[in-house]
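This report refers to the structure that appears directly beneath it.
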Amino acid sequence: MRVVLAEDLFLLRDGLVRMLEAYDFEIAAAVETGPELTKALAELEPDVAVVDVRLPPSHTDEGLQCALAARRARPGLPILVLSQHVEQLYARELLADGNGGIGYLLKDRVFDADQFIDAVRRVAAGGTAMDPQVISQLLTRRSQDKPMGGLTPREREVMELMAQGRSNAAIASQMVITERAVAKHTSNIFGKLSLPPSDDDNRRVLAVLAYLDRG
Amino acid sequence: MEAKRGRIGSALLAAGRGLVLSFAALAGSCTLFVLALVSIAMIPLGIGLLTTPYILQAVRKHANQRRLLAVTWSDVRIPVPYRPFPKDLRSGFTGQVERTTLMLKDPATWRDMRWMMVDMTAGYVVAVLASALMVYPVEGFVLAAGLWRVFRDDRYWYGFVPVDSQATGLAAAALGLAVFACGVLVSERLLRAHFVLARSVLAPTQEQELALRIDRLTETRHEAVDTAASELRRIERDLHDGAQARLVAMGMNLGTVEALIEKDPAQAKQLLAMARESSAEALTELRDLVRGIHPPVLAERGLGDAVKALALRLPIPCDVDVELPGRAEAPVESAAYFAVSEALTNAAKHSGAERIWVDLRHSDGALRFSVTDDGKGGASPGAGSGLSGIERRLGTFDGVMAVSSPAGGPTMVTMEIPCELS
């Protein structure tokens, strides 16, 4: 799998390259700046891009803007955005086109290599990987409202994992319950939130986020 | 015809206002001037020390009333130049003595006194003239209508017209009409002249204005320096007790791991896990700290989006309306951001609101923003509250804050910082 990596800090870029290579990814390019990233995304057609939000030369949200522009040019281009801080505002912008293949994680998540690689693969496959912090922010806001209040603690837990972009199988193994129990929880959640049930992981997340967004 | 009636109407209005002003000048200024003189004269006797602050306060109120009328009636702006009392003023008799001294030292007090003298003489005449020009003609018309009969034997002078017959009565009416026309033309201008006269005496000279400005700058600079210093202390403490301590623990754990890795791999692994946890916690702490110093979204996107991101983090639904065609300077953005942040925190914590609205725009050379909630109200910007902190923060940029929070709500905090957008 070919990856384009954009990160301006040498130590972090080097570490990410090593980690991705250790998990059999092919590094198509590892770049430092926004313009370089735009060029690499357009010319190298990677399977997935891992992008830092803040990049030179402007040191603003240049990485994010490049990623959004690249996805406008090539809808569905899988991009995993990394940042020192996560904001719902950015999560919304990334998810807005509804094409999937989007990840948005805190940089700390690279500490757990297995989980991080899992997220990269999920995004490359067209799924989503939302940082638990984004989800928990959304849920604290909504927990005061009635529809979310109707969920049992167990269902809330499933909901959080689901919103991060996990599949039923992944949720089952994380919560140490059977897949069938997860399926039951999810259909309950969809019922309580009056969302039409669907098998597609990605659409599930988008639907949940869109619903939460209405708050 | 319409326009003519409009002119007569506004002239009549000006005449009425002139009448009000002449009362205020004669009754208000005259009384207060005498009281103030007596009170100041009594200071050596001691009694004056007690009464002077009250009377001078009343004088200021009287003058401020005139300033308000000047703006609303004739659009004449007269600045309010009084020096504020220091916040640590003592109470009781000593406080009263301090207050007296401070007020007597304030040049604005003496300007008030001078103004009252002018107001009850020249100011009064101008104001009376504004109304008399509209009232005097009435007498002329009444004379023509039949009142002249009363003066058939005893000649009456209406202006320069001796009235003793119908013909002279009509002449009086003609004069009245001329005066009336004259009144229509000038009474508004006379009213304005009254206020301009007041301004020329009340407004501080350029030198005094500069002195006031220097006072204000010194005060806000002190506050800015204090705030910056205490911020730095807080950051130092947070780093020292948080991230720094965790990094020390991490290094120690890693050292132990090095020693244990061959002897006891199981325990080494456990220590590694601990070290990783420490690094994650250190990161979280640093992230919170950074948010408190300069929020990343503000650096990346500017004020509008930073406030939107802030609103999304609130536990209460919050609508944000932003109309900013450009970006303000970084320090102004930062001050505005933290002011909004503080106001939002206050609203979320104390108001019991179910919804909050933030409005952010730039107009007339100032950044204007407001935070409104539908909570229970009763918020006051007293000392120690978050709101007084906002006021201090904005003060450095000549910004101001106003709070409207009646019991029962809603609460509206309005803030303003003069600045240009780039």
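Convention: chains lettered A, B, ... in structure tokens order; per-chain residue numbering from 1; ligands numbered from 1 as shown.
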Residues of chain B within 12 Å of chain A: nearest atom pair and distance (Å, one decimal) for each, counting only C-alpha atoms, sorted by chain and number, as CSV?
residue,atom,partner,partner_atom,distance
B:Leu272,CA,A:Phe111,CA,11.8
B:Ala273,CA,A:Phe111,CA,10.5
B:Ala275,CA,A:Phe111,CA,11.1
B:Arg276,CA,A:Phe111,CA,7.5
B:Glu277,CA,A:Phe111,CA,9.4
B:Ser278,CA,A:Phe111,CA,11.6
B:Ser279,CA,A:Asp108,CA,8.9
B:Ala280,CA,A:Asp108,CA,6.5
B:Glu281,CA,A:Asp108,CA,9.8
B:Ala282,CA,A:Asp108,CA,10.5
B:Leu283,CA,A:Asp108,CA,7.6
B:Thr284,CA,A:Asp108,CA,8.9
B:Glu285,CA,A:His85,CA,11.7
B:Leu286,CA,A:Gln84,CA,9.9
B:Arg287,CA,A:His85,CA,7.0
B:Asp288,CA,A:His85,CA,9.3
B:Leu289,CA,A:His85,CA,11.7
B:Val290,CA,A:His85,CA,9.8
B:Arg291,CA,A:His85,CA,9.1
B:Pro295,CA,A:His85,CA,9.6
B:Pro296,CA,A:His85,CA,7.5
B:Val297,CA,A:Glu87,CA,8.2
B:Leu298,CA,A:Thr60,CA,9.3
B:Ala299,CA,A:Thr60,CA,6.4
B:Glu300,CA,A:Thr60,CA,4.0
B:Arg301,CA,A:Thr60,CA,6.9
B:Gly302,CA,A:Thr60,CA,9.5
B:Gly304,CA,A:Leu89,CA,11.5
B:Asp305,CA,A:Leu89,CA,7.9
B:Ala306,CA,A:Leu89,CA,9.0
B:Val307,CA,A:Leu89,CA,10.2
B:Lys308,CA,A:Leu89,CA,7.3
B:Ala309,CA,A:Leu89,CA,5.5
B:Leu310,CA,A:Glu87,CA,8.9
B:Ala311,CA,A:Leu89,CA,9.6
B:Leu312,CA,A:Gln88,CA,6.7
B:Arg313,CA,A:Gln137,CA,6.5
B:Leu314,CA,A:Arg141,CA,7.0
B:Pro315,CA,A:Arg141,CA,4.6
B:Ile316,CA,A:Arg141,CA,6.5
B:Pro317,CA,A:Gly215,CA,6.6
B:Cys318,CA,A:Gly215,CA,9.1
B:Asp319,CA,A:Gly215,CA,10.3
B:Ala348,CA,A:Arg141,CA,11.9
B:Glu354,CA,A:Gln144,CA,10.1
B:Arg355,CA,A:Gly215,CA,10.9
* Might you pull out every residue within 12 Å of Ser388 of chain B, with only C-alpha atoms counted and same-chain residues fewer than 3 positions away left off, and present them as number ranges by chain? => B: 223, 339, 342-343, 346, 379-385, 391-395, 400-403, 413
Would you save the residues of that selection, restricted to N, CA and C atoms, as a tab-separated table (two decimals), in the first residue's frame?
chain	number	residue	atom	x	y	z
B	223	GLU	N	-2.13	47.15	34.83
B	223	GLU	CA	-2.95	45.94	34.84
B	223	GLU	C	-2.42	44.91	33.85
B	339	ALA	N	-11.94	36.98	26.01
B	339	ALA	CA	-13.12	37.66	26.56
B	339	ALA	C	-14.38	36.84	26.25
B	342	GLU	N	-14.35	33.66	28.33
B	342	GLU	CA	-14.73	33.89	29.73
B	342	GLU	C	-16.24	34.09	29.86
B	343	ALA	N	-16.79	34.89	28.95
B	343	ALA	CA	-18.23	35.16	28.99
B	343	ALA	C	-19.02	33.86	28.76
B	346	ASN	N	-18.79	31.70	31.89
B	346	ASN	CA	-19.71	32.26	32.89
B	346	ASN	C	-21.14	31.84	32.61
B	379	ALA	N	-26.33	38.60	36.68
B	379	ALA	CA	-24.87	38.62	36.67
B	379	ALA	C	-24.40	40.05	36.88
B	380	SER	N	-23.33	40.22	37.67
B	380	SER	CA	-22.82	41.57	37.87
B	380	SER	C	-21.31	41.55	37.72
B	381	PRO	N	-20.77	42.61	37.11
B	381	PRO	CA	-19.32	42.64	36.88
B	381	PRO	C	-18.56	43.09	38.11
B	382	GLY	N	-18.97	42.69	39.29
B	382	GLY	CA	-18.30	43.12	40.52
B	382	GLY	C	-16.89	42.56	40.61
B	383	ALA	N	-16.16	43.03	41.63
B	383	ALA	CA	-14.77	42.60	41.79
B	383	ALA	C	-14.71	41.09	41.97
B	384	GLY	N	-13.67	40.50	41.37
B	384	GLY	CA	-13.43	39.08	41.57
B	384	GLY	C	-14.21	38.18	40.62
B	385	SER	N	-15.23	38.72	39.96
B	385	SER	CA	-15.98	37.87	39.04
B	385	SER	C	-15.21	37.77	37.72
B	391	GLU	N	-13.05	42.87	31.67
B	391	GLU	CA	-12.94	44.32	31.56
B	391	GLU	C	-11.46	44.74	31.59
B	392	ARG	N	-10.71	44.13	32.49
B	392	ARG	CA	-9.28	44.44	32.58
B	392	ARG	C	-8.57	44.08	31.29
B	393	ARG	N	-8.86	42.88	30.79
B	393	ARG	CA	-8.21	42.39	29.59
B	393	ARG	C	-8.49	43.32	28.40
B	394	LEU	N	-9.75	43.77	28.31
B	394	LEU	CA	-10.12	44.63	27.18
B	394	LEU	C	-9.53	46.02	27.34
B	395	GLY	N	-9.40	46.46	28.61
B	395	GLY	CA	-8.92	47.81	28.90
B	395	GLY	C	-7.58	48.11	28.25
B	400	VAL	N	-14.10	48.18	25.76
B	400	VAL	CA	-15.06	48.34	26.85
B	400	VAL	C	-16.03	47.18	26.88
B	401	MET	N	-16.69	47.01	28.03
B	401	MET	CA	-17.66	45.94	28.18
B	401	MET	C	-18.90	46.49	28.88
B	402	ALA	N	-20.06	46.03	28.47
B	402	ALA	CA	-21.29	46.41	29.16
B	402	ALA	C	-22.08	45.13	29.45
B	403	VAL	N	-22.64	45.06	30.65
B	403	VAL	CA	-23.41	43.87	31.02
B	403	VAL	C	-24.85	44.28	31.28
B	413	VAL	N	-23.82	40.24	27.45
B	413	VAL	CA	-22.54	40.88	27.67
B	413	VAL	C	-22.06	41.41	26.32
* Could you jot down the atom CA of Leu105 of chain A to atom CA of Glu7 of chain A separation for me, Å, one decimal place? => 14.0 Å
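Residue neighbourhood of His62 of chain B, excluding near-sequence residues (fewer than 2 positions): Leu21, Ala24, Ala25, Ala27, Gly28, Ser29, Cys30, Thr31, Leu32, Phe33, Ile55, Leu56, Gln57, Ala58, Val59, Arg60, Asn64, Gln65, Arg66, Arg67, Leu68, Leu69, Asp112, Met113, Trp115, Met116 and Asp119 of chain B, at 12 Å, using only C-alpha atoms.
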Please produce an output containing C-alpha atoms for each residue in the selection, written as a PDB file, in the first residue's frame.
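Contents of result_25.pdb, freshly written:
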ATOM      1  CA  LEU B  21     -33.154  74.269  29.556  1.00  0.00           C
ATOM      2  CA  ALA B  24     -32.559  73.722  34.395  1.00  0.00           C
ATOM      3  CA  ALA B  25     -30.097  76.617  34.073  1.00  0.00           C
ATOM      4  CA  ALA B  27     -33.125  76.393  39.096  1.00  0.00           C
ATOM      5  CA  GLY B  28     -30.513  73.638  38.750  1.00  0.00           C
ATOM      6  CA  SER B  29     -27.268  75.442  38.063  1.00  0.00           C
ATOM      7  CA  CYS B  30     -28.060  78.373  40.323  1.00  0.00           C
ATOM      8  CA  THR B  31     -28.987  76.244  43.333  1.00  0.00           C
ATOM      9  CA  LEU B  32     -26.178  73.776  42.918  1.00  0.00           C
ATOM     10  CA  PHE B  33     -23.618  76.533  42.383  1.00  0.00           C
ATOM     11  CA  ILE B  55     -23.022  68.044  46.481  1.00  0.00           C
ATOM     12  CA  LEU B  56     -20.242  67.722  43.909  1.00  0.00           C
ATOM     13  CA  GLN B  57     -21.686  64.355  42.949  1.00  0.00           C
ATOM     14  CA  ALA B  58     -25.025  66.082  42.384  1.00  0.00           C
ATOM     15  CA  VAL B  59     -23.241  68.739  40.321  1.00  0.00           C
ATOM     16  CA  ARG B  60     -21.701  66.036  38.155  1.00  0.00           C
ATOM     17  CA  ASN B  64     -23.984  64.784  32.847  1.00  0.00           C
ATOM     18  CA  GLN B  65     -27.692  65.339  32.340  1.00  0.00           C
ATOM     19  CA  ARG B  66     -26.846  68.346  30.187  1.00  0.00           C
ATOM     20  CA  ARG B  67     -24.244  66.290  28.277  1.00  0.00           C
ATOM     21  CA  LEU B  68     -26.920  63.718  27.556  1.00  0.00           C
ATOM     22  CA  LEU B  69     -29.417  66.329  26.363  1.00  0.00           C
ATOM     23  CA  ASP B 112     -18.185  72.307  36.381  1.00  0.00           C
ATOM     24  CA  MET B 113     -18.273  75.322  38.683  1.00  0.00           C
ATOM     25  CA  TRP B 115     -19.867  76.098  33.621  1.00  0.00           C
ATOM     26  CA  MET B 116     -22.659  76.619  36.174  1.00  0.00           C
ATOM     27  CA  ASP B 119     -25.058  78.389  32.391  1.00  0.00           C
TER      28      ASP B 119
END
Ala22 of chain A: which residues within 12 Å, counting only C-alpha atoms, same-chain residues fewer than 6 positions away excluded, as a PDB file with C-alpha atoms, in the first residue's frame?
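Once written, around.pdb looks like this:
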ATOM      1  CA  GLY A  15       9.350   7.832  13.272  1.00  0.00           C
ATOM      2  CA  LEU A  16       6.204   7.569  11.168  1.00  0.00           C
ATOM      3  CA  ALA A 113       1.170   1.305  16.764  1.00  0.00           C
ATOM      4  CA  ASP A 114      -1.358  -1.467  16.224  1.00  0.00           C
ATOM      5  CA  ILE A 117      -1.993   1.148  11.682  1.00  0.00           C
TER       6      ILE A 117
END
Leu82 of chain A: which residues within 12 Å, counting only C-alpha atoms, same-chain residues fewer than 6 positions away excluded, as a short mmCIF file (atom, residue, chain, number, x, y, z; two decimals) with C-alpha atoms, in the first residue's frame?
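Final file, selection-v6.cif:
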data_model
loop_
_atom_site.label_atom_id
_atom_site.label_comp_id
_atom_site.auth_asym_id
_atom_site.auth_seq_id
_atom_site.Cartn_x
_atom_site.Cartn_y
_atom_site.Cartn_z
CA LEU A 5 3.28 11.40 4.43
CA ALA A 6 3.32 15.09 5.31
CA GLU A 7 4.87 16.16 8.59
CA ASP A 8 7.20 19.08 9.18
CA LEU A 12 8.05 12.64 13.95
CA ARG A 13 8.30 12.20 10.20
CA LEU A 16 6.20 7.57 11.17
CA ALA A 49 -2.14 10.04 2.81
CA VAL A 50 -1.13 10.79 6.39
CA VAL A 51 -1.14 14.55 6.88
CA ASP A 52 -0.27 16.90 9.73
CA VAL A 53 -2.75 19.79 10.08
CA ARG A 54 -0.15 22.46 10.65
CA LEU A 55 2.49 22.71 7.93
CA ASP A 61 -4.00 24.77 8.95
CA GLY A 63 -2.15 20.55 5.74
CA LEU A 64 -5.90 20.44 6.30
CA ALA A 67 -6.12 17.66 2.07
CA TYR A 90 -12.32 20.49 11.54
CA ALA A 91 -13.98 17.08 11.86
CA ILE A 102 -11.35 10.14 6.25
CA GLY A 103 -9.41 9.90 9.46
CA TYR A 104 -8.83 12.56 12.09
CA LEU A 105 -6.65 11.61 15.04
CA LEU A 106 -4.60 13.17 17.79
CA LYS A 107 -0.88 12.69 17.29
CA ASP A 108 -0.75 10.77 20.57
CA ARG A 109 -2.56 7.91 18.87
CA VAL A 110 0.66 6.91 17.14
CA PHE A 116 -2.78 3.52 14.55
CA ALA A 119 -6.85 3.29 11.56
CA VAL A 120 -4.66 3.92 8.50
CA ALA A 129 -11.32 6.87 11.93
CA MET A 130 -12.44 9.61 14.26
CA ASP A 131 -10.50 10.39 17.40
#
* Distance query segment 169-186 of chain B at most 8 Å, only C-alpha atoms, self and fewer than 5 positions along chain excluded, as a PyMOL selection string -> chain B and resi 7-8+11-12+130+133-134+136-146+148+158-159+161+163-164
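Of the listed residues A:Arg121, A:Pro75, A:Leu9, A:Ala170, the one whose atoms come nearest to Phe25 of chain A is A:Arg121, with distances taken using only C-alpha atoms.
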* Near-Gly76 of chain A list (8 Å; only C-alpha atoms; drop same-chain fewer than 4 positions) as number ranges by chain -> A: 71, 99-101, 126
* Please indicate the distance in Å from atom CA of Gly409 of chain B to atom CA of Ala347 of chain B, rounded to one decimal place. => 11.2 Å
* Structure fact -> A straight line from atom CA of Ala42 of chain A to atom CA of Asp118 of chain A spans 25.0 Å
* To do: Write down as a list in words the residues belonging to segment 8-111 of chain A that are assigned strand (DSSP E) by DSSP computed on the backbone.
  => Glu26, Ile27, Ala28, Ala29, Ala30, Val31, Val48, Ala49, Val50, Val51, Asp52, Ile79, Leu80, Val81, Leu82, Ser83, Ile102, Gly103, Tyr104, Leu105 and Leu106 of chain A
Can you spit out the residues from that selection as a compact mmCIF listing (two decimals), in the first residue's frame, using N, CA and C atoms?
# COMPACT_ATOMS: atom_id res chain seq x y z
N GLU A 26 4.35 1.09 1.74
CA GLU A 26 5.40 1.66 0.89
C GLU A 26 5.29 3.17 0.97
N ILE A 27 6.38 3.84 1.35
CA ILE A 27 6.34 5.30 1.46
C ILE A 27 6.61 5.90 0.09
N ALA A 28 5.55 6.42 -0.55
CA ALA A 28 5.70 7.01 -1.88
C ALA A 28 6.44 8.34 -1.78
N ALA A 29 6.10 9.11 -0.72
CA ALA A 29 6.80 10.37 -0.49
C ALA A 29 6.60 10.78 0.96
N ALA A 30 7.65 11.38 1.54
CA ALA A 30 7.53 11.95 2.87
C ALA A 30 7.93 13.41 2.76
N VAL A 31 6.91 14.32 2.82
CA VAL A 31 7.18 15.73 2.52
C VAL A 31 7.04 16.61 3.75
N VAL A 48 -3.24 6.07 0.32
CA VAL A 48 -3.68 6.81 1.50
C VAL A 48 -2.63 7.87 1.81
N ALA A 49 -3.09 9.00 2.41
CA ALA A 49 -2.14 10.04 2.81
C ALA A 49 -2.27 10.27 4.31
N VAL A 50 -1.13 10.44 4.96
CA VAL A 50 -1.13 10.79 6.39
C VAL A 50 -0.59 12.21 6.48
N VAL A 51 -1.44 13.13 7.00
CA VAL A 51 -1.14 14.55 6.88
C VAL A 51 -1.24 15.27 8.23
N ASP A 52 -0.24 16.07 8.53
CA ASP A 52 -0.27 16.90 9.73
C ASP A 52 -1.08 18.17 9.41
N ILE A 79 -7.58 10.11 3.27
CA ILE A 79 -6.62 10.95 3.98
C ILE A 79 -6.82 10.81 5.49
N LEU A 80 -5.71 10.57 6.16
CA LEU A 80 -5.74 10.53 7.63
C LEU A 80 -5.04 11.78 8.13
N VAL A 81 -5.79 12.63 8.84
CA VAL A 81 -5.24 13.89 9.32
C VAL A 81 -4.79 13.72 10.77
N LEU A 82 -3.58 14.18 11.05
CA LEU A 82 -3.06 14.12 12.41
C LEU A 82 -2.91 15.53 12.96
N SER A 83 -3.13 15.69 14.27
CA SER A 83 -3.00 17.02 14.83
C SER A 83 -2.66 16.96 16.31
N ILE A 102 -11.87 9.00 5.49
CA ILE A 102 -11.35 10.14 6.25
C ILE A 102 -10.98 9.69 7.66
N GLY A 103 -9.80 10.13 8.08
CA GLY A 103 -9.41 9.90 9.46
C GLY A 103 -8.99 11.20 10.09
N TYR A 104 -9.22 11.34 11.39
CA TYR A 104 -8.83 12.56 12.09
C TYR A 104 -8.44 12.14 13.50
N LEU A 105 -7.13 12.13 13.76
CA LEU A 105 -6.65 11.61 15.04
C LEU A 105 -5.66 12.56 15.70
N LEU A 106 -5.63 12.48 17.04
CA LEU A 106 -4.60 13.17 17.79
C LEU A 106 -3.26 12.50 17.50
* **Test item, helix (DSSP H, G or I) assignment across segment 19-97 of chain A, answer as a PyMOL selection string** => chain A and resi 19-22+34-44+62-73+88-95
